[in-house]
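Chemist: Pasting input.cif below, which is mmCIF, C-alpha atoms.
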data_input
loop_
_atom_site.label_atom_id
_atom_site.label_comp_id
_atom_site.auth_asym_id
_atom_site.auth_seq_id
_atom_site.Cartn_x
_atom_site.Cartn_y
_atom_site.Cartn_z
CA MET U 1 46.32 29.09 59.59
CA THR U 2 43.29 29.14 57.32
CA ILE U 3 39.93 29.67 59.03
CA ILE U 4 37.05 27.87 57.37
CA SER U 5 33.71 29.54 58.01
CA LYS U 6 30.59 27.47 58.36
CA PRO U 7 28.29 27.63 55.34
CA GLU U 8 25.01 29.38 55.98
CA THR U 9 22.16 26.98 56.67
CA LYS U 10 19.59 26.83 53.91
CA SER U 11 16.18 28.14 54.88
CA PHE U 12 12.84 28.79 53.24
CA PHE U 13 13.01 32.32 54.66
CA ALA U 14 16.17 33.01 52.65
CA THR U 15 14.38 32.40 49.34
CA ASP U 16 14.22 35.34 46.95
CA LYS U 17 11.64 37.71 48.46
CA ARG U 18 10.18 38.81 45.13
CA LEU U 19 9.60 35.20 44.14
CA LEU U 20 7.96 34.43 47.50
CA PHE U 21 5.73 37.48 47.17
CA VAL U 22 4.64 36.71 43.59
CA LEU U 23 3.91 33.05 44.36
CA LEU U 24 1.98 34.02 47.50
CA CYS U 25 -0.15 36.53 45.57
CA MET U 26 -0.86 33.98 42.82
CA ALA U 27 -1.81 31.26 45.31
CA THR U 28 -4.05 33.64 47.27
CA LEU U 29 -5.66 34.89 44.07
CA LEU U 30 -6.39 31.33 42.94
CA LEU U 31 -7.92 30.26 46.25
CA LEU U 32 -9.99 33.45 46.53
CA TYR U 33 -11.24 33.05 42.96
CA ILE U 34 -12.29 29.46 43.64
CA LYS U 35 -14.04 30.44 46.88
CA ILE U 36 -15.93 33.30 45.24
CA SER U 37 -16.83 31.49 41.99
CA PHE U 38 -17.70 28.04 43.29
CA ILE U 39 -18.92 28.72 46.83
CA GLU U 40 -20.07 32.31 47.47
CA ASN U 41 -21.66 32.74 44.02
CA GLU U 42 -23.55 29.46 44.45
CA THR U 43 -25.36 30.51 47.62
CA ALA U 44 -29.09 31.10 47.50
CA ALA U 45 -28.61 34.73 48.55
CA PHE U 46 -26.30 35.50 45.64
CA GLU U 47 -28.50 33.69 43.13
CA PHE U 48 -31.47 35.73 44.37
CA LEU U 49 -29.55 39.01 44.07
CA GLN U 50 -27.53 38.38 40.92
CA ASP U 51 -30.10 40.03 38.60
CA ARG U 52 -30.63 42.95 40.99
CA PRO U 53 -28.46 46.01 41.68
CA GLU U 54 -27.29 44.38 44.90
CA GLY U 55 -25.87 41.50 42.87
CA MET U 56 -23.77 43.92 40.84
CA ILE U 57 -22.44 45.43 44.07
CA LEU U 58 -21.42 41.96 45.30
CA ARG U 59 -19.58 41.30 42.03
CA ILE U 60 -17.76 44.62 42.28
CA ILE U 61 -16.73 43.83 45.85
CA ALA U 62 -15.47 40.41 44.73
CA ALA U 63 -13.44 42.00 41.92
CA LEU U 64 -11.93 44.52 44.33
CA LYS U 65 -10.91 41.70 46.66
CA LEU U 66 -9.05 39.98 43.84
CA PHE U 67 -7.25 43.06 42.54
CA SER U 68 -6.35 44.38 45.99
CA ILE U 69 -4.41 41.29 47.10
CA PRO U 70 -0.89 42.66 46.31
CA ILE U 71 -1.69 46.04 47.89
CA ILE U 72 -3.05 44.48 51.08
CA TYR U 73 -0.05 42.16 51.35
CA LEU U 74 2.43 45.00 50.78
CA TRP U 75 0.83 47.06 53.52
CA LYS U 76 0.56 44.13 55.93
CA PHE U 77 4.14 42.95 55.41
CA THR U 78 5.56 46.46 55.66
CA VAL U 79 3.88 47.13 59.01
CA ILE U 80 4.56 43.72 60.59
CA ALA U 81 8.17 43.62 59.38
CA PHE U 82 8.75 47.08 60.83
CA VAL U 83 7.27 46.08 64.18
CA ILE U 84 9.43 42.94 64.38
CA TRP U 85 12.53 44.83 63.20
CA CYS U 86 11.97 47.36 66.00
CA GLY U 87 11.75 44.46 68.46
CA CYS U 88 15.02 43.00 67.16
CA PHE U 89 16.69 46.41 67.36
CA MET U 90 15.55 47.01 70.94
CA PHE U 91 16.94 43.64 72.04
CA GLY U 92 20.22 44.17 70.18
CA TYR U 93 19.66 41.57 67.45
CA ARG U 94 21.38 42.33 64.15
CA VAL U 95 18.49 41.45 61.86
CA THR U 96 17.87 43.84 58.99
CA TYR U 97 14.48 45.18 57.98
CA THR U 98 14.80 43.37 54.63
CA GLN U 99 15.36 40.07 56.44
CA CYS U 100 12.31 40.73 58.64
CA TRP U 101 10.29 41.40 55.49
CA GLY U 102 11.35 38.03 54.08
CA VAL U 103 10.45 36.27 57.32
CA VAL U 104 6.98 37.82 57.32
CA ILE U 105 6.35 36.82 53.70
CA GLY U 106 7.47 33.25 54.34
CA ALA U 107 5.36 32.92 57.49
CA GLU U 108 2.27 34.19 55.65
CA TYR U 109 2.10 30.97 53.62
CA ILE U 110 0.60 29.20 56.65
CA PHE U 111 -2.63 31.14 56.11
CA LEU U 112 -3.14 29.48 52.73
CA VAL U 113 -3.93 26.24 54.58
CA PRO U 114 -7.16 27.42 56.31
CA GLU U 115 -8.38 28.92 53.03
CA LEU U 116 -7.82 25.59 51.30
CA LEU U 117 -9.59 23.76 54.14
CA LYS U 118 -12.47 26.21 53.94
CA ILE U 119 -12.90 25.55 50.23
CA MET U 120 -12.80 21.78 50.76
CA TRP U 121 -15.30 22.04 53.63
CA PHE U 122 -17.93 23.88 51.61
CA MET U 123 -17.37 21.96 48.39
CA VAL U 124 -17.35 18.47 49.93
CA ILE U 125 -18.99 18.46 53.37
CA GLU U 126 -21.36 21.41 53.81
CA THR U 127 -22.38 21.89 50.19
CA ASP U 128 -25.35 24.22 50.71
CA PRO U 129 -24.11 27.03 53.00
CA THR U 130 -25.60 30.46 53.44
CA TYR U 131 -23.56 33.58 52.74
CA ASN U 132 -23.22 34.16 56.49
CA ASP U 133 -22.09 30.56 57.06
CA ILE U 134 -19.16 31.16 54.71
CA GLY U 135 -18.17 34.39 56.43
CA ALA U 136 -18.42 32.88 59.89
CA PHE U 137 -16.43 29.72 59.17
CA TYR U 138 -12.70 29.60 59.96
CA PRO U 139 -11.00 26.24 60.53
CA LEU U 140 -9.67 25.49 64.04
CA SER U 141 -10.71 28.86 65.47
CA LEU U 142 -12.53 29.87 68.66
CA MET U 143 -15.58 30.67 66.53
CA HIS U 144 -16.43 26.96 66.58
CA PHE U 145 -17.28 27.25 70.27
CA PHE U 146 -19.86 30.00 69.71
CA ASP U 147 -23.03 30.54 67.73
CA TYR U 148 -22.28 33.12 65.05
CA TYR U 149 -25.94 34.16 64.83
CA SER U 150 -26.38 34.83 68.55
CA ILE U 151 -23.11 36.50 69.61
CA ASP U 152 -22.48 40.23 69.44
CA LYS U 153 -21.01 40.77 65.96
CA ARG U 154 -18.09 42.73 67.38
CA TRP U 155 -16.70 39.41 68.62
CA ALA U 156 -16.97 37.59 65.28
CA TYR U 157 -13.67 38.76 63.82
CA PRO U 158 -11.60 38.27 67.02
CA LEU U 159 -13.01 34.76 67.47
CA ARG U 160 -12.02 33.89 63.89
CA ALA U 161 -8.61 35.52 64.28
CA LEU U 162 -7.81 33.44 67.37
CA ASN U 163 -7.04 30.11 65.73
CA LEU U 164 -4.33 27.46 65.59
CA PHE U 165 -2.96 28.82 62.30
CA GLU U 166 -2.29 32.17 63.96
CA ILE U 167 -0.29 30.35 66.65
CA ALA U 168 1.59 28.44 63.92
CA TYR U 169 2.33 31.84 62.36
CA TRP U 170 4.03 32.91 65.61
CA PHE U 171 6.22 29.81 65.53
CA LEU U 172 7.19 30.55 61.92
CA LEU U 173 8.10 34.14 62.79
CA VAL U 174 10.31 32.86 65.60
CA ALA U 175 11.92 30.29 63.28
CA GLY U 176 12.61 32.96 60.67
CA ILE U 177 14.13 35.46 63.08
CA HIS U 178 16.15 32.67 64.70
CA HIS U 179 17.55 31.74 61.27
CA TYR U 180 19.08 35.21 60.91
CA ALA U 181 19.85 36.04 64.55
CA ARG U 182 21.49 32.69 65.44
CA LYS U 183 20.79 33.12 69.14
CA ASP U 184 18.77 31.38 71.83
CA LYS U 185 15.18 30.84 70.66
CA LYS U 186 13.96 31.82 74.10
CA TYR U 187 15.00 35.41 73.41
CA VAL U 188 13.54 35.30 69.90
CA TRP U 189 10.20 34.35 71.47
CA ILE U 190 10.50 37.37 73.76
CA ILE U 191 11.12 39.62 70.74
CA VAL U 192 8.14 38.27 68.78
CA SER U 193 5.91 38.38 71.88
CA CYS U 194 6.84 41.99 72.69
CA SER U 195 6.41 43.12 69.09
CA TYR U 196 4.02 41.25 66.80
CA ILE U 197 1.99 39.23 69.32
CA LEU U 198 1.48 42.29 71.52
CA LEU U 199 0.40 44.33 68.49
CA PHE U 200 -1.95 41.51 67.42
CA PHE U 201 -3.84 41.49 70.72
CA LEU U 202 -3.88 45.30 70.91
CA TRP U 203 -5.46 45.35 67.44
CA LEU U 204 -8.14 42.83 68.47
CA GLY U 205 -8.90 44.88 71.59
CA PHE U 206 -9.11 48.07 69.53
CA TYR U 207 -11.43 46.35 67.03
CA VAL U 208 -13.83 45.23 69.78
CA ILE U 209 -13.89 48.72 71.31
CA VAL U 210 -14.55 50.70 68.11
CA TYR U 211 -16.87 48.18 66.39
CA LYS U 212 -20.40 49.48 65.83
#
Step by step, read the file and then write its structure as C-alpha cells.
Modeler:
Amino acid sequence: MTIISKPETKSFFATDKRLLFVLLCMATLLLLYIKISFIENETAAFEFLQDRPEGMILRIIAALKLFSIPIIYLWKFTVIAFVIWCGCFMFGYRVTYTQCWGVVIGAEYIFLVPELLKIMWFMVIETDPTYNDIGAFYPLSLMHFFDYYSIDKRWAYPLRALNLFEIAYWFLLVAGIHHYARKDKKYVWIIVSCSYILLFFLWLGFYVIVYK
C-alpha cells in the first residue's frame, strides 16, 4: 500500500532566509533614509546646527545608523532565535535553530509598519516637529498616554517599546513556530512567553534600572 504524505503548507516563514534578510535591510534602509533626509534634517534644530561642528556630528550619527542596519539585525536575530530555539528545545519541540532564525526574520517585517506610519505622520499631519518630537513619537504605543517632556527619561524607551506592533510581533513568532512544530498553538504561546516575551520584559526592567 502506497502512503501519500501531505504536502508541506506554504508559509511566508519558509521563504529563503537570505532573500528575506536582504529585502528587510533594503526596506529599513529606505525608510530610515527618508526619515533622516526629509524629516529629521528639516527640523529647526538641525538647520541651526548644520553649519556648526554639532551638525557634522549629527550627520555622522545618521550615516552610522544607515550602515549599521545589517549588523544590528544580525545580532538581534541571532540572540532572539537562540532564545526561542532554547525554549523549543526545553519543551521538546523539534524546531531547528535555522528555522527559528527564519521565523524571527519574517516576524521583524511588522516593525516596518510603524516606521512608515511615523514618516507619514510627520510629512502629512505634523509637518513642523522638533527633534525631540520625532524621537518621542511611536505609533500605537504607551508613550501617547504620557508627556514626553515631563516624564523621567528612563521611561521613554520602555513606553515606546510597549506598543501594539510588539504584540503583533509575538503573534507572528507564535505563527512561525507553529508552522514548523505542527502542534497545539497553546503550547507554542507558552514557549514564546517563557523565552522571548520573558526576555523582552527583563530587558525593559534592566534598562530602567541602569538608565542614568
Chemist: Go through U:Leu172, U:Met143, U:Cys25, U:Leu112 and flag the residue nearest U:Pro158, using only C-alpha atoms for the distances.
Modeler: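 Looking only at the distances to U:Pro158, the closest residue turns out to be U:Met143.
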Chemist: Would you kindly translate the PyMOL selection byres ((chain U and resi 61-73) around 10) into the concrete residues it picks from this file, as a ChimeraX atom specification?
Modeler: /U:21-22,24-26,28-30,32-33,36-37,40-41,55-60,74-79,105,108
Chemist: Between atom CA of U:Gly176 and atom CA of U:Val104, what is the spacing in Å?
Modeler: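 So the two atoms, atom CA of U:Val104 and atom CA of U:Gly176, lie 8.2 Å apart.
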Chemist: Could you check which of U:Trp85, U:Gln99, U:Phe122, U:Gly106 is closest to U:Ile34, using all atoms listed in the file?
Modeler: U:Phe122
Chemist: Within 10 Å of U:Tyr148, counting all atoms listed in the file, which residues show up once you throw out same-chain ones fewer than 5 positions away? Write them as a list of chain:residue names, please.
Modeler: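 Using all atoms listed in the file, the neighbours found are U:Asn132, U:Asp133, U:Gly135, U:Ala136, U:Phe137, U:Met143, U:Lys153, U:Trp155, U:Ala156, U:Leu159.
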